[in-house]
Amino acid sequence: MAKKVALIQGNTACALGAVYAGCNFFGGYPITPSTEVAEVLSEELPKVGGKFMQMEDEIAAMASIIGASLAGAKALTATSGPGVSLKQELIGYACIAEVPCVIINVMRGGPSTGMPTGPGQSDVQQAKWGTHGDHATIALVPASIQEIFTETVRAFNLAEKYRMPVQVLFDEIVGHMREPITFPEPGELEIINRTAPTVAPKDYKPYDTSFGDVPPLAAFGSEYRFHVTGLNKAQDGFPTTKAEYVDAEERRQVRKVESPENAAAIESNEEYLCDDAEVVVFAYGSTSRSARYAVNELRKEGIKAGLFRPITLWPFPEKRISALGKQAKAIVVPEMNLGQMILEVERVTKGTCAVAGVNRVDGDPLNPGEIMKKVKEVM
Amino acid sequence: MSYDYDKWLRPGKLPHIWCPGCGHGIVMKGLIRALDICGLEKKNTAIVSGIGCASRLPGYIDANTLHTAHGRAAAFATGVKMAKPEMTVICCGGDGDGTAIGGNHFIHACRRNIDMTYVLMNNHIYGMTGGQFSPCTPTGAKASTTPYGNPDPIFDISKLAIGAGATFVARTTAFHATQIDKLIAEGIKHKGMAIIEVVDDCPTTYGRRNKFRSVIDMMKVLKETAVPVAAAAKMTADQLEGKILTGVLYKEDKPEYCEQYAKVIAKAQGA
Ligand SMILES: Cc1ncc(C[n+]2csc(CCOP(=O)(O)OP(=O)(O)O)c2C)c(N)n1
Ligand code: SF4
Ligand SMILES: [Mg+2]
């Protein structure tokens with residue numbers, strides 16, 4: 001049987017990917033350029049018995065998805081710039097309480113109201129550091145309509161597997177662009193659900209590390225009763241200020257994402273012509289599309305250029321970038337911001353190669369010519 | 001009638017954090033009696049709070065308990081309820097939590113008429129942070145941030161709830177302990193958003209600053225200012241000056257949110 005294909009917008013692909021992943025609760029608040037995610041889900045979720053809620057603001061939206069997830073739902077919210085800022089406190093809540101949920105951020109220009117209809121990539125460091133306190137972050141940056149679908153599915157899988165909020169960031173360009181997509185059949189993509197407890201209800205501890213760095217999570221309304229708080233807590237879920245518990249819990253929550261093995265499992269990159277590259281263009285999201293074009297053109301001119309495209313932006317692909325920094329003469333980092341991920345590239349390459357940014361914040365996408373020019377400058 | 005307190009108290013979690021004379025403990029006992037009266041199953045009961053002294057209540061109750069962020073109880077609870085409409089969802093928290101930082105969530109939960117019960121402990125102050133004024137601190141009163149007396153007017157929480165669309169609104173005080181359980185139980189049984197405001201006291205951060213010599217003095221004020229709605233009907237406006245009405249202030253049958261959403265699902269599925 002021929003697979004189902006369609007010509008759809010990135011935001012629609014995101015909504016349909018969520019449904020494919022088993023999302024059954026959405027809490028949101030309208031904001032350009034993410035609104036279509038909500039609109040599509042308001043129609044699709046009730047068809048599969050799911051719930052769509054337009055909450056009173058983005059804080060409430062974030063709160064509602066955490067509440068729904070604790071009651072066993074696979075929950076999603078979608079927003080942009082100002083809305084992401086409002087969600088930050090509760091993203092931290094989902095981190096410390098270890099509640100699986102997915103946050104879509106269709107990036108626009110900022111700060112503040114900025115350019116509601118213009119694209120931007122200026123929330124990529126906020127994704128990592130937006131909420132206060134030490135915490136681990138998983139953020140994915142799809143660059144095509146097909147990939148928005150599959151990365152939304154993967155975001156749910158990672159959220160469930162690691163028991164934490166996962167952010168998917170794409171910009172207005174991919175959010176609103178239309179491209180053909182081939183829908184995976186049911187069962188074709190792996191769907192991961194959180195690990196449920198197997199111990200007797202009386203022995204259940206919601207942060208029981210004897211099961212590893214990601215403790216099983218029960219659902220409200222099941223045989224397991226438990227307490228959830230945003231305070232630092234011990235393994236039984238109750239607040240504590242005892243140094244040994246607080247320290248161990250904080251470190252575990254970061255380790256479950258950032259330990260070398262876990263980071264490697266979460267990492268996802270595309271390397272295009274990097275094997276012999278003398279200049280590597282590090283580009284993500286819609287900017288990577290211009291970068292690919294630039295790399296092809298540079299190759300035609302005999303310049304050994306390659307494209308490194310992170311699909312998982314956080315945790316940052318430290319190992320590969322460090323290796324490429326030793327191999328290449330330079331890494332060029334085009335971004336629709338004033339230089340955010342370049343800071344990571346610089347941190348990781350430790351001066352082994354030149355690192356140069358190409359930046360734009362005027363609401364226009366970076367074009368291949370600008371990237372090519374910078375590559376030639378650093379050669 | 002005797003009540004089974006032990007059944008609902010989480011083993012090993014007492015003593016609680018509240019100061020001697022704090023009204024929140026009286027409210028917790030009332031809530032436990034209400035849980036008992038309603039014969040709720042622990043497994044199907046969720047208690048959700050914000051942040052503040054009052055919001056520490058859920059930790060002591062043996063149910064599904066969720067201590068959220070400051071002001072956000074109603075919004076978290078809405079997610080829980082929508083995901084599992086068969087559960088009994090109870091919110092609790094303080095006046096600052098529910099009507100200042102959480103005011104938006106509070107009124108919208110009322111407007112939706114979602115089937116939850118919200119026990120709001122109004123001690124007229126931000127207790128946990130040391131006594132700054134809240135939207136419920138009487139005008140003229142002293143708080144740590146109103147050294148010259150509070151210039152702000154107050155919220156009437158019950159009126160706010162009625163105006164926002166809650167379909168069961170009741171008020172009592174920590175002095176009227178035996179009424180607390182009855183009103184909460186009635187609220188739990190009511191299909192729709194039920195707000196139970198319990199006016200209580202914070203001797204530590206409010207009483208001291210406002211020249212109450214003892215908790216007993218604070219309780220006396222609660223006793224004397226409370227007027228049952230039936231009695232109030234026979235009183236003049238002058239006589240009611242400075243009083244607070246207690247009992248069931250408002251009750252109405254209106255479509256409940258989860259049921260309304262079930263109709264959306266039926267429609268989407270072509271029923
Ligand atoms: C976002 C945020 N802002 C401020 C605080 C600090 N804070 C904690 S409790 C509280 C006031 C609580 O007052 P109330 O809700 O009336 O409860 P009470 O302590 O009086 O019972 C404040 C302001 C916080 N925890 N989070
Ligand atoms: S500070 Fe006030 S509200 Fe908090 S526990 Fe003490 S008396 Fe109660
Ligand atoms: Mg208070």
# chains A, B, ... in the order shown; residues from 1 in each chain; ligands from 1
$ residues_near_ligand --ligand "ligand 1" --cutoff "6 Å" --atoms "only C-alpha atoms and all ligand atoms" --output "list in words"
Ile51, Gly52, Cys53, Ala54, His70, Gly93, Gly94, Asp95, Gly96, Asp97, Asn123, Ile125, Tyr126, Gly127, Met128 and Thr129 of chain B
$ select_by_dssp --residues "segment 79-287 of chain A" --states "helix (DSSP H, G or I)" --output "PyMOL selection string"
chain A and resi 81-97+124-129+145-162+172-176+201-203+209-211+243-258+260-266+287
$ interface_residues --of "chain A" --to "chain B" --cutoff "6 Å" --atoms "only C-alpha atoms" --output "ChimeraX atom specification"
/A:46-47,60,63-65,67-68,71,220-221,225-229
$ write_last_selection --atoms "all heavy atoms" --output "CSV table (one decimal), in the first residue's frame"
chain,number,residue,atom,x,y,z
A,46,PRO,N,-9.6,15.6,20.1
A,46,PRO,CA,-10.8,15.0,20.5
A,46,PRO,C,-11.2,13.8,19.6
A,46,PRO,O,-11.9,12.8,20.1
A,46,PRO,CB,-11.9,16.1,20.4
A,46,PRO,CG,-11.2,17.2,19.8
A,46,PRO,CD,-9.7,17.0,19.8
A,47,LYS,N,-10.7,13.8,18.4
A,47,LYS,CA,-11.0,12.6,17.5
A,47,LYS,C,-10.5,11.3,18.1
A,47,LYS,O,-11.0,10.2,17.9
A,47,LYS,CB,-10.4,12.8,16.1
A,47,LYS,CG,-11.1,13.8,15.3
A,47,LYS,CD,-10.5,13.8,13.9
A,47,LYS,CE,-10.9,15.0,13.1
A,47,LYS,NZ,-10.1,15.1,11.9
A,60,ALA,N,-0.4,28.9,32.8
A,60,ALA,CA,-1.4,27.9,33.1
A,60,ALA,C,-1.3,26.8,32.1
A,60,ALA,O,-1.5,25.6,32.5
A,60,ALA,CB,-2.8,28.6,32.9
A,63,ALA,N,1.4,24.6,33.4
A,63,ALA,CA,0.9,24.0,34.6
A,63,ALA,C,0.0,22.8,34.2
A,63,ALA,O,0.1,21.7,34.8
A,63,ALA,CB,0.2,25.0,35.5
A,64,SER,N,-0.9,23.1,33.3
A,64,SER,CA,-1.9,22.0,33.0
A,64,SER,C,-1.3,20.8,32.4
A,64,SER,O,-1.7,19.7,32.6
A,64,SER,CB,-3.0,22.6,32.0
A,64,SER,OG,-2.4,22.8,30.7
A,65,ILE,N,-0.2,21.0,31.6
A,65,ILE,CA,0.4,19.8,31.0
A,65,ILE,C,1.2,19.0,32.0
A,65,ILE,O,1.2,17.8,32.0
A,65,ILE,CB,1.3,20.1,29.7
A,65,ILE,CG1,2.6,20.8,30.0
A,65,ILE,CG2,0.5,20.8,28.6
A,65,ILE,CD1,3.6,20.8,28.8
A,67,GLY,N,0.3,18.8,35.2
A,67,GLY,CA,-0.8,18.1,36.0
A,67,GLY,C,-1.3,16.9,35.2
A,67,GLY,O,-1.5,15.8,35.7
A,68,ALA,N,-1.6,17.1,33.9
A,68,ALA,CA,-2.1,16.1,33.1
A,68,ALA,C,-1.1,14.9,33.0
A,68,ALA,O,-1.5,13.7,33.1
A,68,ALA,CB,-2.5,16.6,31.7
A,71,ALA,N,-1.1,12.7,35.9
A,71,ALA,CA,-2.3,11.8,35.9
A,71,ALA,C,-2.2,10.8,34.7
A,71,ALA,O,-3.2,10.2,34.4
A,71,ALA,CB,-3.6,12.7,35.8
A,220,PHE,N,-1.2,9.5,39.0
A,220,PHE,CA,-2.3,9.8,39.9
A,220,PHE,C,-3.5,9.0,39.5
A,220,PHE,O,-3.7,8.9,38.3
A,220,PHE,CB,-2.6,11.3,39.9
A,220,PHE,CG,-1.6,12.2,40.6
A,220,PHE,CD1,-0.5,11.6,41.3
A,220,PHE,CD2,-1.8,13.5,40.7
A,220,PHE,CE1,0.3,12.4,42.0
A,220,PHE,CE2,-1.0,14.4,41.4
A,220,PHE,CZ,0.1,13.8,42.1
A,221,GLY,N,-4.2,8.5,40.4
A,221,GLY,CA,-5.4,7.8,40.1
A,221,GLY,C,-5.2,6.3,39.9
A,221,GLY,O,-6.1,5.5,39.6
A,225,ARG,N,0.0,5.9,45.3
A,225,ARG,CA,-0.2,7.3,45.8
A,225,ARG,C,1.2,7.9,46.1
A,225,ARG,O,2.0,7.3,46.7
A,225,ARG,CB,-1.0,7.4,47.1
A,225,ARG,CG,-2.4,7.0,46.9
A,225,ARG,CD,-3.2,7.3,48.2
A,225,ARG,NE,-2.7,6.6,49.4
A,225,ARG,CZ,-2.9,5.3,49.6
A,225,ARG,NH1,-3.6,4.6,48.8
A,225,ARG,NH2,-2.4,4.8,50.7
A,226,PHE,N,1.4,9.2,45.7
A,226,PHE,CA,2.7,9.8,45.9
A,226,PHE,C,2.6,11.3,46.0
A,226,PHE,O,1.5,11.8,45.6
A,226,PHE,CB,3.8,9.3,44.9
A,226,PHE,CG,3.4,9.6,43.5
A,226,PHE,CD1,4.1,10.6,42.8
A,226,PHE,CD2,2.5,8.9,42.8
A,226,PHE,CE1,3.8,10.9,41.5
A,226,PHE,CE2,2.2,9.2,41.4
A,226,PHE,CZ,2.9,10.2,40.8
A,227,HIS,N,3.6,11.9,46.5
A,227,HIS,CA,3.7,13.3,46.7
A,227,HIS,C,4.6,13.9,45.7
A,227,HIS,O,5.7,13.4,45.4
A,227,HIS,CB,4.1,13.7,48.1
A,227,HIS,CG,4.1,15.1,48.4
A,227,HIS,ND1,2.9,15.9,48.4
A,227,HIS,CD2,5.1,16.0,48.8
A,227,HIS,CE1,3.2,17.1,48.8
A,227,HIS,NE2,4.5,17.2,49.0
A,228,VAL,N,4.3,15.1,45.1
A,228,VAL,CA,5.1,15.8,44.2
A,228,VAL,C,5.3,17.2,44.6
A,228,VAL,O,4.3,17.8,45.0
A,228,VAL,CB,4.5,15.7,42.7
A,228,VAL,CG1,5.4,16.5,41.7
A,228,VAL,CG2,4.3,14.3,42.3
A,229,THR,N,6.5,17.7,44.6
A,229,THR,CA,6.8,19.1,45.0
A,229,THR,C,7.9,19.6,44.1
A,229,THR,O,8.7,18.9,43.5
A,229,THR,CB,7.2,19.1,46.5
A,229,THR,OG1,7.5,20.5,46.8
A,229,THR,CG2,8.4,18.2,46.8
$ atom_distance --atom1 "atom CA of Val348 of chain A" --atom2 "atom CA of Ala294 of chain A"
24.2 Å
$ closest_residue --among "B:Phe133, B:Tyr3, B:Phe106, B:Phe168" --to "Glu186 of chain B" --atoms "only C-alpha atoms"
B:Phe168
$ closest_residue --among "A:Met62, A:Val358, A:Leu169, A:Met336" --to "Val281 of chain A" --atoms "only C-alpha atoms"
A:Val358
$ residues_near_ligand --ligand "ligand 2" --cutoff "6 Å" --atoms "only C-alpha atoms and all ligand atoms" --output "list in words"
Trp18, Cys19, Cys22, Cys53, Gly127, Met128, Cys202, Pro203, Thr204 and Thr205 of chain B
$ select_by_dssp --residues "segment 59-282 of chain A" --states "strand (DSSP E or B)" --output "number ranges by chain"
A: 75-79, 101-109, 115-119, 138-140, 165-171, 178-182, 227-229, 233, 239, 269-272, 279-282
$ atom_distance --atom1 "atom CA of Gly187 of chain B" --atom2 "atom CA of Pro255 of chain B"
15.7 Å
$ atom_distance --atom1 "atom CA of Asp171 of chain A" --atom2 "atom CA of Val378 of chain A"
27.5 Å
$ residues_around --residues "Gly163 of chain B" --least-positions-apart "4" --cutoff "10 Å" --atoms "only C-alpha atoms" --output "list of chain:residue names"
B:Ile107, B:Cys110, B:Arg111, B:Ile157, B:Ser158, B:Lys159, B:Thr167
$ residues_around --residues "segment 173-185 of chain B" --least-positions-apart "2" --cutoff "8 Å" --atoms "only C-alpha atoms" --output "count of residues only"
33
$ residues_around --residues "Thr137 of chain B" --least-positions-apart "2" --cutoff "8 Å" --atoms "only C-alpha atoms" --output "VMD selection string"
chain B and resid 124 to 125 133 to 135 139 141 150 154
